[in-house]
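Structure data follow from model_25.tsv (TSV, C-alpha atoms):
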chain	number	residue	atom	x	y	z
A	21	MET	CA	-6.20	17.86	-68.60
A	22	THR	CA	-9.19	16.34	-70.35
A	23	ASP	CA	-9.15	18.67	-73.36
A	24	LEU	CA	-5.65	18.64	-74.91
A	25	SER	CA	-6.63	21.25	-77.44
A	26	ASN	CA	-6.40	23.88	-74.68
A	27	LEU	CA	-3.09	22.59	-73.25
A	28	ASN	CA	-0.85	25.33	-74.69
A	29	GLU	CA	-3.17	28.05	-73.46
A	30	ARG	CA	-3.37	26.55	-69.98
A	31	MET	CA	0.45	26.12	-69.82
A	32	LYS	CA	1.05	29.76	-70.76
A	33	LYS	CA	-1.45	30.86	-68.12
A	34	HIS	CA	0.23	28.66	-65.49
A	35	ASP	CA	3.70	30.00	-66.42
A	36	SER	CA	2.57	33.52	-65.47
A	37	THR	CA	1.23	32.60	-62.00
A	38	VAL	CA	3.06	33.85	-58.89
A	39	LYS	CA	3.35	30.37	-57.45
A	40	HIS	CA	5.05	29.02	-60.59
A	41	ILE	CA	7.50	31.94	-60.76
A	42	ASN	CA	8.44	31.48	-57.09
A	43	ASN	CA	9.01	27.78	-57.64
A	44	ILE	CA	11.31	28.54	-60.59
A	45	LEU	CA	13.33	30.94	-58.44
A	46	ASN	CA	13.58	28.41	-55.62
A	47	LEU	CA	14.77	25.77	-58.08
A	48	ALA	CA	17.40	28.14	-59.48
A	49	VAL	CA	18.99	28.73	-56.04
A	50	LEU	CA	18.56	25.15	-54.83
A	51	GLY	CA	21.89	23.93	-53.48
A	52	LYS	CA	23.58	27.27	-54.14
A	53	THR	CA	22.69	29.06	-50.88
A	54	ASN	CA	25.66	29.40	-48.52
A	55	ILE	CA	24.30	28.30	-45.16
A	56	LEU	CA	27.51	29.32	-43.34
A	57	SER	CA	27.19	32.79	-44.79
A	58	MET	CA	23.61	33.05	-43.63
A	59	LEU	CA	24.55	31.83	-40.14
A	60	ASP	CA	27.47	34.25	-40.03
A	61	SER	CA	25.20	37.10	-41.06
A	62	GLY	CA	22.68	36.17	-38.38
A	63	TYR	CA	25.45	35.90	-35.79
A	64	ARG	CA	26.77	39.36	-36.67
A	65	ARG	CA	23.27	40.80	-36.50
A	66	GLY	CA	22.81	39.23	-33.07
A	67	ILE	CA	26.02	40.90	-31.88
A	68	GLU	CA	24.90	44.24	-33.33
A	69	LEU	CA	21.56	44.03	-31.50
A	70	HIS	CA	23.32	43.08	-28.27
A	71	ASN	CA	25.75	46.00	-28.59
A	72	GLU	CA	22.89	48.38	-29.32
A	73	LYS	CA	21.10	47.18	-26.19
A	74	VAL	CA	24.25	47.53	-24.06
A	75	SER	CA	24.87	51.03	-25.43
A	76	ASN	CA	21.27	52.02	-24.70
A	77	ASN	CA	21.47	50.62	-21.14
A	78	ARG	CA	24.70	52.51	-20.51
A	79	TYR	CA	23.11	55.71	-21.73
A	80	ILE	CA	20.09	55.26	-19.45
A	81	LEU	CA	22.31	54.42	-16.48
A	82	ASN	CA	24.48	57.47	-17.18
A	83	VAL	CA	21.41	59.75	-17.10
A	84	ILE	CA	20.24	58.20	-13.82
A	85	ILE	CA	23.73	58.52	-12.30
A	86	ASN	CA	23.82	62.20	-13.26
A	87	CYS	CA	20.44	62.70	-11.55
A	88	VAL	CA	21.79	61.02	-8.41
A	89	ARG	CA	24.92	63.20	-8.57
A	90	PHE	CA	22.78	66.32	-8.87
A	91	CYS	CA	20.69	65.39	-5.84
A	92	GLY	CA	23.80	64.43	-3.88
A	93	ALA	CA	25.55	67.71	-4.67
A	94	PHE	CA	22.62	69.69	-3.27
A	95	GLU	CA	21.62	67.14	-0.60
A	96	LEU	CA	18.21	66.63	-2.20
A	97	ARG	CA	16.55	63.29	-1.49
A	98	GLY	CA	13.48	61.90	0.22
A	99	HIS	CA	9.68	61.63	-0.07
A	100	ASN	CA	7.73	58.74	-1.56
A	101	GLU	CA	9.34	58.00	-4.92
A	102	ASN	CA	6.84	55.42	-6.16
A	103	GLU	CA	5.47	55.92	-9.68
A	104	THR	CA	2.00	56.77	-8.35
A	105	SER	CA	3.24	59.19	-5.69
A	106	LEU	CA	1.90	62.75	-5.79
A	107	ASN	CA	5.01	63.97	-3.97
A	108	PRO	CA	7.88	61.97	-5.50
A	109	GLY	CA	10.73	64.17	-4.32
A	110	ILE	CA	13.57	65.86	-6.17
A	111	PHE	CA	15.21	62.74	-7.65
A	112	ARG	CA	12.12	61.23	-9.21
A	113	GLY	CA	10.93	64.67	-10.30
A	114	LEU	CA	14.30	65.29	-11.95
A	115	VAL	CA	14.15	61.93	-13.75
A	116	ASN	CA	10.62	62.63	-14.96
A	117	PHE	CA	11.61	66.10	-16.15
A	118	SER	CA	14.63	64.65	-17.98
A	119	ALA	CA	12.34	62.11	-19.66
A	120	GLU	CA	10.26	64.95	-21.09
A	121	LEU	CA	13.39	66.19	-22.86
A	122	ASP	CA	14.85	62.79	-23.73
A	123	ASN	CA	12.81	60.32	-25.79
A	124	VAL	CA	15.25	57.47	-25.10
A	125	LEU	CA	14.84	57.87	-21.34
A	126	LYS	CA	11.07	58.34	-21.69
A	127	ASN	CA	10.76	55.14	-23.72
A	128	HIS	CA	12.83	53.28	-21.13
A	129	LEU	CA	10.69	54.45	-18.20
A	130	GLU	CA	7.47	53.58	-20.02
A	131	ASN	CA	8.48	50.15	-21.32
A	132	ALA	CA	11.16	48.73	-19.01
A	133	THR	CA	9.90	45.69	-17.12
A	134	VAL	CA	13.05	44.44	-15.36
A	135	PHE	CA	15.24	47.44	-14.56
A	136	LYS	CA	14.14	51.07	-14.47
A	137	GLY	CA	16.85	52.37	-12.17
A	138	THR	CA	14.65	54.71	-10.16
A	139	SER	CA	14.11	52.75	-6.94
A	140	LYS	CA	15.63	53.83	-3.62
A	141	THR	CA	17.67	50.62	-3.56
A	142	ILE	CA	19.26	51.41	-6.92
A	143	GLN	CA	19.96	54.98	-5.81
A	144	ASN	CA	21.78	53.73	-2.72
A	145	GLU	CA	23.76	51.20	-4.75
A	146	ILE	CA	24.81	53.93	-7.20
A	147	LEU	CA	25.88	56.15	-4.29
A	148	LYS	CA	27.96	53.32	-2.82
A	149	CYS	CA	29.67	52.74	-6.18
A	150	MET	CA	30.36	56.46	-6.57
A	151	LEU	CA	31.82	56.58	-3.05
A	152	ALA	CA	34.06	53.57	-3.80
A	153	VAL	CA	35.39	55.27	-6.97
A	154	CYS	CA	36.05	58.53	-5.10
A	155	GLN	CA	37.79	56.72	-2.24
A	156	LYS	CA	40.03	54.87	-4.70
A	157	GLU	CA	41.09	58.16	-6.30
A	158	ILE	CA	41.66	59.74	-2.87
A	159	SER	CA	43.84	56.79	-1.83
A	160	LEU	CA	45.96	57.18	-4.97
A	161	GLU	CA	46.38	60.91	-4.31
A	162	ILE	CA	47.34	60.35	-0.67
A	163	LYS	CA	49.98	57.76	-1.66
A	164	LYS	CA	51.64	60.44	-3.79
A	165	ALA	CA	51.45	63.09	-1.07
A	166	ASP	CA	54.38	63.64	1.30
A	167	TYR	CA	52.03	63.95	4.27
A	168	PHE	CA	48.35	64.34	5.08
A	169	ALA	CA	46.11	65.33	7.97
A	170	ILE	CA	42.82	63.98	9.26
A	171	THR	CA	39.86	66.09	10.27
A	172	ALA	CA	37.14	64.28	12.20
A	173	ASP	CA	33.86	65.78	13.35
A	174	GLU	CA	30.90	64.27	15.10
A	175	THR	CA	27.31	65.11	14.29
A	176	THR	CA	23.76	63.76	14.43
A	177	ASP	CA	21.79	63.13	11.25
A	178	ILE	CA	18.14	63.96	10.60
A	179	SER	CA	17.02	60.64	12.16
A	180	ALA	CA	18.97	61.43	15.37
A	181	VAL	CA	21.65	58.81	14.65
A	182	PHE	CA	25.11	59.70	15.97
A	183	GLN	CA	27.69	59.91	13.17
A	184	MET	CA	31.26	60.95	12.59
A	185	VAL	CA	32.66	62.32	9.35
A	186	ILE	CA	36.30	62.01	8.24
A	187	VAL	CA	37.97	64.49	5.90
A	188	TYR	CA	41.55	64.13	4.62
A	189	ARG	CA	43.75	67.15	3.93
A	190	TYR	CA	46.87	66.93	1.77
A	191	ILE	CA	48.76	68.58	-1.07
A	192	VAL	CA	48.01	67.90	-4.76
A	193	ASN	CA	50.10	69.74	-7.36
A	194	ASP	CA	51.22	72.30	-4.75
A	195	LYS	CA	47.61	72.96	-3.79
A	196	LEU	CA	45.95	72.14	-0.48
A	197	VAL	CA	42.84	70.01	-0.91
A	198	GLU	CA	40.22	68.59	1.44
A	199	ARG	CA	38.52	65.32	0.52
A	200	PHE	CA	35.44	63.90	2.22
A	201	TRP	CA	36.07	60.25	3.03
A	202	GLU	CA	33.00	58.74	4.67
A	203	PHE	CA	30.29	58.98	7.32
A	204	LEU	CA	30.97	56.54	10.16
A	205	ASN	CA	28.93	55.18	13.07
A	206	PRO	CA	31.13	54.86	16.18
A	207	LYS	CA	29.95	52.41	18.81
A	208	GLU	CA	29.96	55.11	21.49
A	209	ASN	CA	30.23	58.86	21.79
A	210	ASN	CA	33.56	59.11	23.58
A	211	ALA	CA	37.22	59.76	22.74
A	212	LYS	CA	38.21	56.07	22.83
A	213	ALA	CA	35.45	54.94	20.47
A	214	LEU	CA	36.10	57.83	18.09
A	215	SER	CA	39.85	57.17	17.96
A	216	GLU	CA	39.31	53.44	17.35
A	217	CYS	CA	36.95	54.30	14.50
A	218	ILE	CA	39.57	56.58	12.93
A	219	LYS	CA	42.31	53.94	13.29
A	220	GLU	CA	40.06	51.35	11.66
A	221	GLN	CA	39.54	53.62	8.67
A	222	LEU	CA	43.28	54.26	8.36
A	223	ASP	CA	43.93	50.51	8.36
A	224	ARG	CA	41.33	50.03	5.63
A	225	LYS	CA	42.82	52.80	3.52
A	226	ARG	CA	46.33	51.41	3.97
A	227	ASN	CA	45.21	48.01	2.67
A	228	ARG	CA	43.63	49.44	-0.50
In structure tokens, what does this structure look like?
Amino acid sequence: MTDLSNLNERMKKHDSTVKHINNILNLAVLGKTNILSMLDSGYRRGIELHNEKVSNNRYILNVIINCVRFCGAFELRGHNENETSLNPGIFRGLVNFSAELDNVLKNHLENATVFKGTSKTIQNEILKCMLAVCQKEISLEIKKADYFAITADETTDISAVFQMVIVYRYIVNDKLVERFWEFLNPKENNAKALSECIKEQLDRKRNR
């Protein structure tokens, strides 16, 4: 200040500035902020965000699994399922249709950069996991059954590959049930190779 006669007026004007008020507030809380509380709050928020992300991922995966189950139940697969394909097939078409009704799924498909869950590889992995869960439940049911029977049938798939299917029959709660077990690829198409394939599956089931 060079003109002290205006000091009071200048001080009052300075006291009303935003910068001065913020400085007064910062001085008032200086040394009184609980850093541990702030860290704890940030930690809890981090956990909440992580849980929200996990919940969202589980929801998306559940929708995709249901689409795979639908296609598996009606034996609907195939075609070029790339995003730019004009003939994506039932699975990709079902996922796209579901996205039109589900904003969460739509947002995931549009913005996901690491995992979308729509590739053929992911579909096959989901099917393998579903088969493993079913086989575990079948094994538990068979262990409780007094006896069971095996039905084996040979066939050729659409790519002309020789296959054999195994179906188990047993009693659950006084009711006869038939459970698909697995498609197998015997080494040869003869009685010896087929019987060895069946024995191998029985050994695997016994060890589960």
Contacts of Ile162 in chain A at 8 Å or less, counting all atoms listed in the file, minus same-chain residues fewer than 5 places along, as an MDAnalysis selection string?
-> chainID A and resid 167:168 190
For CA of Phe90 in chain A and CA of Val134 in chain A, the interatomic separation in Å (one decimal) | 24.8 Å
Can you work out which one of A:Glu29, A:Glu161, A:Glu120, A:Glu216 has the shortest atom-to-atom distance to Glu198 in chain A, counting all atoms listed in the file?
->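 Looking only at the distances to Glu198 in chain A, the closest residue turns out to be A:Glu161.
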Between CA of Leu125 in chain A and CA of Val83 in chain A, what is the distance, to one decimal in Å?
-> 8.0 Å
With all atoms listed in the file counted and 9 Å as the cut-off, give the residues of range 111-213 of chain A in contact with range 59-81 of chain A, each with its shortest interatomic distance in Å and the pair that gives it, as CSV.
residue,atom,partner,partner_atom,distance
A:Val124,CA,A:Ile80,CA,7.8
A:Leu125,CA,A:Ile80,CA,6.2
A:His128,CA,A:Ile80,CA,7.7
A:Lys136,CA,A:Ile80,CA,8.8
A:Gly137,CA,A:Leu81,CA,7.3
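Interatomic distance, CA of Asn86 in chain A against CA of Val115 in chain A: 9.7 Å.
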Starting from the incomplete input, reconstruct N, CA and C atoms of range 194-208 of chain A and report them as a short mmCIF file (atom, residue, chain, number, x, y, z; two decimals), in the coordinates of the input.
data_model
loop_
_atom_site.label_atom_id
_atom_site.label_comp_id
_atom_site.auth_asym_id
_atom_site.auth_seq_id
_atom_site.Cartn_x
_atom_site.Cartn_y
_atom_site.Cartn_z
N ASP A 194 50.92 71.07 -5.51
CA ASP A 194 51.22 72.30 -4.75
C ASP A 194 49.98 73.04 -4.29
N LYS A 195 48.85 72.34 -4.22
CA LYS A 195 47.61 72.96 -3.79
C LYS A 195 46.98 72.14 -2.67
N LEU A 196 46.59 72.83 -1.60
CA LEU A 196 45.95 72.14 -0.48
C LEU A 196 44.53 71.75 -0.84
N VAL A 197 44.19 70.49 -0.62
CA VAL A 197 42.84 70.01 -0.91
C VAL A 197 42.26 69.32 0.31
N GLU A 198 40.95 69.31 0.39
CA GLU A 198 40.22 68.59 1.44
C GLU A 198 39.27 67.62 0.76
N ARG A 199 39.35 66.36 1.14
CA ARG A 199 38.52 65.32 0.52
C ARG A 199 37.66 64.63 1.58
N PHE A 200 36.35 64.68 1.37
CA PHE A 200 35.44 63.90 2.22
C PHE A 200 35.72 62.42 2.02
N TRP A 201 35.79 61.67 3.12
CA TRP A 201 36.07 60.25 3.03
C TRP A 201 34.82 59.40 3.25
N GLU A 202 34.16 59.59 4.41
CA GLU A 202 33.00 58.74 4.67
C GLU A 202 32.32 59.16 5.96
N PHE A 203 31.01 58.86 6.06
CA PHE A 203 30.29 58.98 7.32
C PHE A 203 30.43 57.66 8.07
N LEU A 204 30.75 57.73 9.35
CA LEU A 204 30.97 56.54 10.16
C LEU A 204 30.00 56.53 11.34
N ASN A 205 29.81 55.34 11.90
CA ASN A 205 28.93 55.18 13.07
C ASN A 205 29.71 54.56 14.23
N PRO A 206 30.39 55.39 15.02
CA PRO A 206 31.13 54.86 16.18
C PRO A 206 30.20 54.15 17.15
N LYS A 207 30.76 53.18 17.88
CA LYS A 207 29.95 52.41 18.81
C LYS A 207 29.46 53.27 19.97
N GLU A 208 30.33 54.23 20.39
CA GLU A 208 29.96 55.11 21.49
C GLU A 208 30.41 56.52 21.19
#
